[in-house]
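First up is the structure itself, then whatever we jot down about it.
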Amino acid sequence: MNITEIPTEGYEKVVHATDSASGLNAVIAVHDTTLGAGLGGIRMLKYESDAACVTDALRLAEGMTYKAAIAETGQGGGKAVMNHDPAAKTEDLFLAMGDFIESLGGLYLAAEDMNMTVENLETVTQRTQYVTGRSLELGFSGNPSPMTAVGCFIGLQATARELFGNDSLAGRSIAIQGIGAVGSLLARACREAGATVAVSDIDPAKVEAFAEETGATALDGPDGALRHPCDFLSPCARGGILNPKSIPKLQCKAIGGAANNQLLTDEDGQRLAEQGILYAPDFVINAGGVINLSGEFQPGGYNADWARDRCTSIDRALTEIFEIARTESITTAQAAKQLALTRIAARRD
Ligand code: NAD
């Protein structure tokens, strides 16, 4: 395996691996380990170029640093990206990926991300000890999605308190984009709390079946939730959906959901603020998954009750972020990044 370091300002380590035997072409970016090892999932995706793959790894690793700092998980931020078509998975690729991760000696801690399955992660684990989020049956923290949904629910309650003066979701309306692993659980929790729920998804059959089963309102088109008049929009499908095109059409009072990188650019945070929409920054409200993973490092090992309890930190963090944004007249996304950087700087001192 050929491993080349890509010196990158602001990053502790960025490495590119190619391996002729397995065909592996992957990047690991470790952004900051001041608060602990750089934790982040392995993403498998075919990029247009190696440069595009590196750019994505850098952006995602930086986001993980802020997410972990705000959730106070005791970890830093990192990300691994395998530049491969997920339709062409082989065992050798994942074994080589394990060797690549092991070569960093624990600076990077892996987990599951886009297009990776539990089985793929188990194969990676044959070659490296630096893997989190393995199955519950084996004593690890398992699928993070239920805890991400718990965290999003808690975050919506904190957002409701900022907006309406109390954190009850009863009688509130919530439009969810993406009823996958997180969105479907969040939708059910909101229904149980007495909210009215409307859902949209790229898969219309899924929307119909979900609406039929739960009594949620089915919305047309993948972006139906973005146009739906509601108290809360909850993006739980994909990133970049808050942009100059979509923001003027939004009819919500606040936004809080699981999808990563919801703002296309930083300016979109400003656009939301100008439109009077309260934004719960994605990397704060969707931290339930990393909180769940951090449970593996607690004395006595992973415990779901501990993780659920720790998700209440999302409430405290959002409350603090909303206050910083209000008092300093900055966007909530800026306030969240500022809070994360303050925590990292405090540890460095
Ligand atoms: P998932 O794949 O289970 O669900 C995504 C859902 O969105 C699917 O139902 C899919 O059909 C739908 N979808 C995909 N593209 C769409 C589009 N263009 N328009 C509308 N709907 C679309 O994923 P998930 O695990 O529920 O995660 C949802 C989002 O939250 C992802 O962006 C993920 O990266 C992020 N996230 C997830 C976790 C977690 O623990 N699962 C943690 C943090 C962040």
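Letters for chains follow the order of the structure tokens (A, B, ...), residue numbers begin at 1 for each chain, and ligand numbers begin at 1 in the order shown.
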Residues near range 114-127 of chain A, cut-off 10 Å, only C-alpha atoms, skip fewer than 4 positions along chain, as a VMD selection string: chain A and resid 41 to 45 81 85 to 87 89 to 102 110 131 to 135 142 to 143
Distance query Leu109 in chain A at most 7 Å, only C-alpha atoms, self and fewer than 4 positions along chain excluded, as a PyMOL selection string: chain A and resi 37-40+130-132
Restricting it to C-alpha atoms, dump the selection as a PDB file, in the first residue's frame.
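Ended up saving to result_5.pdb:
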```pdb
ATOM      1  CA  ALA A  37      -9.005  10.887  18.687  1.00  0.00           C
ATOM      2  CA  GLY A  38     -10.478  12.040  15.384  1.00  0.00           C
ATOM      3  CA  LEU A  39     -13.765  10.155  15.184  1.00  0.00           C
ATOM      4  CA  GLY A  40     -15.822   9.981  12.005  1.00  0.00           C
ATOM      5  CA  TYR A 130      -9.703   1.541  15.756  1.00  0.00           C
ATOM      6  CA  VAL A 131     -13.359   0.988  14.882  1.00  0.00           C
ATOM      7  CA  THR A 132     -16.459   2.107  16.799  1.00  0.00           C
TER       8      THR A 132
END
```
Given only C-alpha atoms and all ligand atoms as the counted atoms, nearest of A:Trp306, A:Phe297, A:Phe232, A:Phe210 to ligand 1: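 Selected residue with least distance to ligand 1: A:Phe210.
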Using only C-alpha atoms and all ligand atoms, what table do you get, as a tab-separated table, when you list each residue of chain A with an atom no more than 6 Å from ligand 1, its nearest pair of atoms, and their distance in Å rounded to one decimal, rows by chain then rising number?
```
residue	atom	partner	partner_atom_place_in_ligand_line	distance
A:Pro144	CA	ligand 1	40 (O)	4.3
A:Ser145	CA	ligand 1	40 (O)	3.5
A:Thr148	CA	ligand 1	40 (O)	4.8
A:Gln177	CA	ligand 1	20 (C)	5.7
A:Gly178	CA	ligand 1	7 (O)	3.5
A:Ile179	CA	ligand 1	9 (O)	4.4
A:Gly180	CA	ligand 1	4 (O)	3.2
A:Ala181	CA	ligand 1	26 (O)	3.7
A:Val182	CA	ligand 1	26 (O)	3.7
A:Gly183	CA	ligand 1	26 (O)	5.4
A:Asp201	CA	ligand 1	21 (N)	3.7
A:Ile202	CA	ligand 1	21 (N)	4.0
A:Asp203	CA	ligand 1	11 (O)	5.2
A:Pro222	CA	ligand 1	20 (C)	3.9
A:Asp223	CA	ligand 1	19 (N)	5.9
A:Cys236	CA	ligand 1	28 (C)	4.5
A:Ala237	CA	ligand 1	7 (O)	3.7
A:Arg238	CA	ligand 1	32 (O)	4.1
A:Ala258	CA	ligand 1	30 (O)	4.1
A:Ala259	CA	ligand 1	30 (O)	3.5
A:Asn260	CA	ligand 1	32 (O)	5.2
A:Asn286	CA	ligand 1	43 (C)	5.1
A:Gly289	CA	ligand 1	40 (O)	4.7
```
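Put simply, CA of Glu296 in chain A is 27.0 Å away from CA of Asp56 in chain A.
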Residue neighbourhood Glu5 in chain A, 12 Å, only C-alpha atoms, exclusion window fewer than 4 positions, as a list in words: Tyr11, Glu12, Lys13, Val14, Val15, His16, Ala17, Thr18, Val27, Ile28, Ala29, Val30, Val54 and Leu104 of chain A
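For Ala198 in chain A, the residues within 7 Å (counting only C-alpha atoms, excluding itself and residues fewer than 4 positions away along the chain) are Ile174, Ala175, Ile176, Ala216, Thr217, Ala218 and Leu219 of chain A.
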Computed interatomic separation between CA of Leu318 in chain A and CA of Gln338 in chain A (Å):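 One can read the CA of Leu318 in chain A to CA of Gln338 in chain A distance as 12.7 Å.
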Strand (DSSP E or B) positions in range 100-315 of chain A, given as a ChimeraX atom specification: /A:108-112,131,173-177,196-200,217-218,230-235,242,252-255,263,278-279
Deliver the residues from the most recent selection as a file, using N, CA, C and O atoms, as a tab-separated table (two decimals), in the first residue's frame.
```tsv
chain	number	residue	atom	x	y	z
A	108	TYR	N	-7.10	8.32	14.09
A	108	TYR	CA	-8.44	8.31	13.50
A	108	TYR	C	-9.22	7.11	14.04
A	108	TYR	O	-8.69	5.99	14.11
A	109	LEU	N	-10.48	7.37	14.45
A	109	LEU	CA	-11.37	6.30	14.92
A	109	LEU	C	-12.51	6.15	13.93
A	109	LEU	O	-13.24	7.12	13.68
A	110	ALA	N	-12.67	4.97	13.37
A	110	ALA	CA	-13.67	4.77	12.32
A	110	ALA	C	-15.04	4.43	12.88
A	110	ALA	O	-15.19	4.02	14.03
A	111	ALA	N	-16.05	4.63	12.04
A	111	ALA	CA	-17.43	4.22	12.33
A	111	ALA	C	-18.10	4.03	10.97
A	111	ALA	O	-17.46	4.17	9.93
A	112	GLU	N	-19.41	3.75	10.99
A	112	GLU	CA	-20.14	3.53	9.75
A	112	GLU	C	-20.60	4.87	9.18
A	112	GLU	O	-20.95	5.76	9.94
A	131	VAL	N	-12.03	0.95	15.48
A	131	VAL	CA	-13.36	0.99	14.88
A	131	VAL	C	-14.39	1.09	16.01
A	131	VAL	O	-14.30	0.37	17.00
A	173	SER	N	-46.62	21.78	14.47
A	173	SER	CA	-46.60	21.06	13.20
A	173	SER	C	-45.14	20.89	12.74
A	173	SER	O	-44.34	21.82	12.84
A	174	ILE	N	-44.85	19.68	12.26
A	174	ILE	CA	-43.48	19.34	11.86
A	174	ILE	C	-43.49	18.69	10.48
A	174	ILE	O	-44.26	17.75	10.25
A	175	ALA	N	-42.68	19.22	9.59
A	175	ALA	CA	-42.55	18.62	8.25
A	175	ALA	C	-41.17	17.99	8.16
A	175	ALA	O	-40.16	18.66	8.37
A	176	ILE	N	-41.15	16.71	7.86
A	176	ILE	CA	-39.88	15.96	7.83
A	176	ILE	C	-39.54	15.57	6.39
A	176	ILE	O	-40.36	14.96	5.70
A	177	GLN	N	-38.32	15.91	5.97
A	177	GLN	CA	-37.86	15.46	4.65
A	177	GLN	C	-36.98	14.23	4.86
A	177	GLN	O	-35.93	14.32	5.47
A	196	THR	N	-48.49	17.43	14.90
A	196	THR	CA	-48.96	16.96	13.60
A	196	THR	C	-47.72	16.84	12.70
A	196	THR	O	-46.87	17.74	12.70
A	197	VAL	N	-47.65	15.74	11.98
A	197	VAL	CA	-46.44	15.44	11.22
A	197	VAL	C	-46.77	15.27	9.74
A	197	VAL	O	-47.74	14.59	9.39
A	198	ALA	N	-45.99	15.91	8.89
A	198	ALA	CA	-46.12	15.73	7.44
A	198	ALA	C	-44.77	15.27	6.92
A	198	ALA	O	-43.73	15.72	7.43
A	199	VAL	N	-44.78	14.38	5.94
A	199	VAL	CA	-43.50	13.80	5.48
A	199	VAL	C	-43.37	13.82	3.96
A	199	VAL	O	-44.35	13.69	3.23
A	200	SER	N	-42.13	13.99	3.50
A	200	SER	CA	-41.83	13.82	2.08
A	200	SER	C	-40.55	13.00	1.95
A	200	SER	O	-39.75	12.93	2.89
A	217	THR	N	-49.21	13.16	7.41
A	217	THR	CA	-49.67	13.65	6.11
A	217	THR	C	-48.58	13.38	5.06
A	217	THR	O	-47.40	13.68	5.29
A	218	ALA	N	-49.01	12.81	3.93
A	218	ALA	CA	-48.05	12.54	2.84
A	218	ALA	C	-47.92	13.78	1.97
A	218	ALA	O	-48.93	14.33	1.53
A	230	CYS	N	-45.41	25.14	8.29
A	230	CYS	CA	-45.28	24.38	9.54
A	230	CYS	C	-44.48	25.17	10.57
A	230	CYS	O	-43.87	26.19	10.23
A	231	ASP	N	-44.50	24.68	11.80
A	231	ASP	CA	-43.63	25.29	12.82
A	231	ASP	C	-42.18	24.88	12.58
A	231	ASP	O	-41.27	25.70	12.61
A	232	PHE	N	-41.97	23.57	12.39
A	232	PHE	CA	-40.59	23.05	12.27
A	232	PHE	C	-40.41	22.28	10.96
A	232	PHE	O	-41.20	21.38	10.67
A	233	LEU	N	-39.34	22.60	10.26
A	233	LEU	CA	-38.91	21.77	9.15
A	233	LEU	C	-37.78	20.91	9.67
A	233	LEU	O	-36.85	21.41	10.31
A	234	SER	N	-37.84	19.61	9.41
A	234	SER	CA	-36.78	18.72	9.88
A	234	SER	C	-36.14	18.00	8.69
A	234	SER	O	-36.67	16.99	8.20
A	235	PRO	N	-34.99	18.50	8.23
A	235	PRO	CA	-34.31	17.84	7.10
A	235	PRO	C	-33.61	16.56	7.58
A	235	PRO	O	-32.68	16.63	8.37
A	242	LEU	N	-30.57	23.81	2.19
A	242	LEU	CA	-30.87	25.20	2.57
A	242	LEU	C	-29.95	26.09	1.76
A	242	LEU	O	-28.76	26.22	2.05
A	252	CYS	N	-41.56	27.63	7.20
A	252	CYS	CA	-41.44	27.14	8.57
A	252	CYS	C	-40.96	28.28	9.48
A	252	CYS	O	-40.44	29.29	9.00
A	253	LYS	N	-41.11	28.04	10.79
A	253	LYS	CA	-40.60	29.04	11.75
A	253	LYS	C	-39.20	28.66	12.23
A	253	LYS	O	-38.44	29.51	12.67
A	254	ALA	N	-38.91	27.36	12.18
A	254	ALA	CA	-37.60	26.89	12.66
A	254	ALA	C	-37.20	25.64	11.89
A	254	ALA	O	-38.04	24.98	11.27
A	255	ILE	N	-35.90	25.33	11.95
A	255	ILE	CA	-35.37	24.14	11.25
A	255	ILE	C	-34.49	23.34	12.21
A	255	ILE	O	-33.63	23.91	12.89
A	263	LEU	N	-26.83	23.61	5.36
A	263	LEU	CA	-26.59	24.91	4.71
A	263	LEU	C	-25.64	24.68	3.54
A	263	LEU	O	-24.57	24.08	3.72
A	278	LEU	N	-35.54	30.33	12.71
A	278	LEU	CA	-34.56	29.90	13.72
A	278	LEU	C	-33.94	28.57	13.28
A	278	LEU	O	-34.67	27.59	13.07
A	279	TYR	N	-32.63	28.55	13.15
A	279	TYR	CA	-31.94	27.35	12.66
A	279	TYR	C	-31.18	26.67	13.79
A	279	TYR	O	-30.30	27.27	14.40
```
For Arg347 in chain A: contacts at 12 Å, only C-alpha atoms, fewer than 6 positions along chain excluded, given as JSON, numbers by chain: {"A": [32, 33, 34, 35, 36, 69, 72, 74, 76, 340, 341]}
Those residues you just picked out, can you put them in a file as a CSV table (one decimal), in the first residue's frame with C-alpha atoms?
```
chain,number,residue,atom,x,y,z
A,32,ASP,CA,-8.3,18.1,15.3
A,33,THR,CA,-7.5,15.8,18.1
A,34,THR,CA,-7.2,18.3,20.9
A,35,LEU,CA,-10.2,16.8,22.7
A,36,GLY,CA,-9.5,13.2,21.7
A,69,ALA,CA,-16.7,19.5,20.8
A,72,GLU,CA,-18.5,16.9,24.7
A,74,GLY,CA,-14.2,13.4,24.5
A,76,GLY,CA,-12.0,15.1,18.0
A,340,ALA,CA,-16.9,24.6,19.6
A,341,LEU,CA,-13.7,26.6,19.0
```
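The coordinates place CA of Ala193 in chain A at 26.4 Å from CA of Ser141 in chain A.
The list of residues with at least one atom within 10 Å of Arg271 in chain A, based on only C-alpha atoms and without residues fewer than 6 positions apart in the same chain, reads Leu242, Asn243, Pro244, Ile247, Pro248, Ile277 and Thr331 of chain A.
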Would you output that residue set with all heavy atoms, as a PDB file, in the first residue's frame?
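selection-v5.pdb was written with the following content:
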```pdb
ATOM      1  N   LEU A 242     -30.573  23.814   2.191  1.00  0.00           N
ATOM      2  CA  LEU A 242     -30.871  25.198   2.573  1.00  0.00           C
ATOM      3  C   LEU A 242     -29.952  26.095   1.759  1.00  0.00           C
ATOM      4  O   LEU A 242     -28.761  26.219   2.046  1.00  0.00           O
ATOM      5  CB  LEU A 242     -30.682  25.387   4.084  1.00  0.00           C
ATOM      6  CG  LEU A 242     -31.534  24.433   4.933  1.00  0.00           C
ATOM      7  CD1 LEU A 242     -31.191  24.559   6.408  1.00  0.00           C
ATOM      8  CD2 LEU A 242     -33.024  24.678   4.703  1.00  0.00           C
ATOM      9  N   ASN A 243     -30.495  26.647   0.691  1.00  0.00           N
ATOM     10  CA  ASN A 243     -29.693  27.378  -0.293  1.00  0.00           C
ATOM     11  C   ASN A 243     -30.491  28.565  -0.838  1.00  0.00           C
ATOM     12  O   ASN A 243     -31.676  28.708  -0.513  1.00  0.00           O
ATOM     13  CB  ASN A 243     -29.267  26.400  -1.401  1.00  0.00           C
ATOM     14  CG  ASN A 243     -30.469  25.692  -2.018  1.00  0.00           C
ATOM     15  OD1 ASN A 243     -31.430  26.342  -2.440  1.00  0.00           O
ATOM     16  ND2 ASN A 243     -30.439  24.363  -2.050  1.00  0.00           N
ATOM     17  N   PRO A 244     -29.867  29.403  -1.665  1.00  0.00           N
ATOM     18  CA  PRO A 244     -30.573  30.601  -2.135  1.00  0.00           C
ATOM     19  C   PRO A 244     -31.874  30.295  -2.878  1.00  0.00           C
ATOM     20  O   PRO A 244     -32.783  31.118  -2.914  1.00  0.00           O
ATOM     21  CB  PRO A 244     -29.560  31.261  -3.075  1.00  0.00           C
ATOM     22  CG  PRO A 244     -28.243  30.759  -2.621  1.00  0.00           C
ATOM     23  CD  PRO A 244     -28.465  29.378  -2.108  1.00  0.00           C
ATOM     24  N   ILE A 247     -34.494  28.655   0.246  1.00  0.00           N
ATOM     25  CA  ILE A 247     -34.806  29.456   1.446  1.00  0.00           C
ATOM     26  C   ILE A 247     -35.994  30.422   1.237  1.00  0.00           C
ATOM     27  O   ILE A 247     -36.884  30.468   2.085  1.00  0.00           O
ATOM     28  CB  ILE A 247     -33.530  30.172   1.986  1.00  0.00           C
ATOM     29  CG1 ILE A 247     -32.571  29.105   2.556  1.00  0.00           C
ATOM     30  CG2 ILE A 247     -33.874  31.198   3.062  1.00  0.00           C
ATOM     31  CD1 ILE A 247     -31.202  29.614   2.948  1.00  0.00           C
ATOM     32  N   PRO A 248     -36.061  31.149   0.099  1.00  0.00           N
ATOM     33  CA  PRO A 248     -37.203  32.069  -0.051  1.00  0.00           C
ATOM     34  C   PRO A 248     -38.557  31.362  -0.037  1.00  0.00           C
ATOM     35  O   PRO A 248     -39.582  31.974   0.254  1.00  0.00           O
ATOM     36  CB  PRO A 248     -36.953  32.726  -1.409  1.00  0.00           C
ATOM     37  CG  PRO A 248     -35.500  32.534  -1.675  1.00  0.00           C
ATOM     38  CD  PRO A 248     -35.123  31.249  -1.009  1.00  0.00           C
ATOM     39  N   ILE A 277     -36.175  32.802  10.380  1.00  0.00           N
ATOM     40  CA  ILE A 277     -36.275  31.360  10.650  1.00  0.00           C
ATOM     41  C   ILE A 277     -35.157  30.962  11.614  1.00  0.00           C
ATOM     42  O   ILE A 277     -33.978  31.244  11.369  1.00  0.00           O
ATOM     43  CB  ILE A 277     -36.173  30.543   9.336  1.00  0.00           C
ATOM     44  CG1 ILE A 277     -37.365  30.876   8.427  1.00  0.00           C
ATOM     45  CG2 ILE A 277     -36.127  29.048   9.629  1.00  0.00           C
ATOM     46  CD1 ILE A 277     -37.287  30.260   7.038  1.00  0.00           C
ATOM     47  N   THR A 331     -25.317  34.535  13.454  1.00  0.00           N
ATOM     48  CA  THR A 331     -26.240  33.441  13.143  1.00  0.00           C
ATOM     49  C   THR A 331     -26.008  32.289  14.136  1.00  0.00           C
ATOM     50  O   THR A 331     -24.932  32.195  14.761  1.00  0.00           O
ATOM     51  CB  THR A 331     -26.033  32.908  11.708  1.00  0.00           C
ATOM     52  OG1 THR A 331     -24.772  32.239  11.650  1.00  0.00           O
ATOM     53  CG2 THR A 331     -26.102  34.009  10.677  1.00  0.00           C
TER      54      THR A 331
END
```
Which residue of A:Asp113, A:Asp309, A:Asp266, A:Asp349 approaches Val150 in chain A most closely, using only C-alpha atoms: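 Nearest to Val150 in chain A: A:Asp309.
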Residues within 10 Å of Ala325 in chain A, only C-alpha atoms, excluding chain neighbours under 5 positions, as an MDAnalysis selection string: chainID A and resid 320 330:336 338
Nearest to Asn292 in chain A by atom-to-atom distance, counting only C-alpha atoms, from A:Leu339, A:Ala68, A:Thr159, A:Gly215: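 The answer is A:Ala68, which sits nearest to Asn292 in chain A.
Closest to Gln75 in chain A among A:Ile154, A:Asn2, A:Leu107, A:Ile321 is A:Leu107, based on only C-alpha atoms.
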Alpha helix (DSSP H) per DSSP on the backbone: members of range 128-319 of chain A, as a count of residues only: 81
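Proximity to Gly269 in chain A was assessed for A:Ala205, A:Ile241, A:Ala287, A:Met147 counting only C-alpha atoms; the smallest distance is recorded for A:Ile241.
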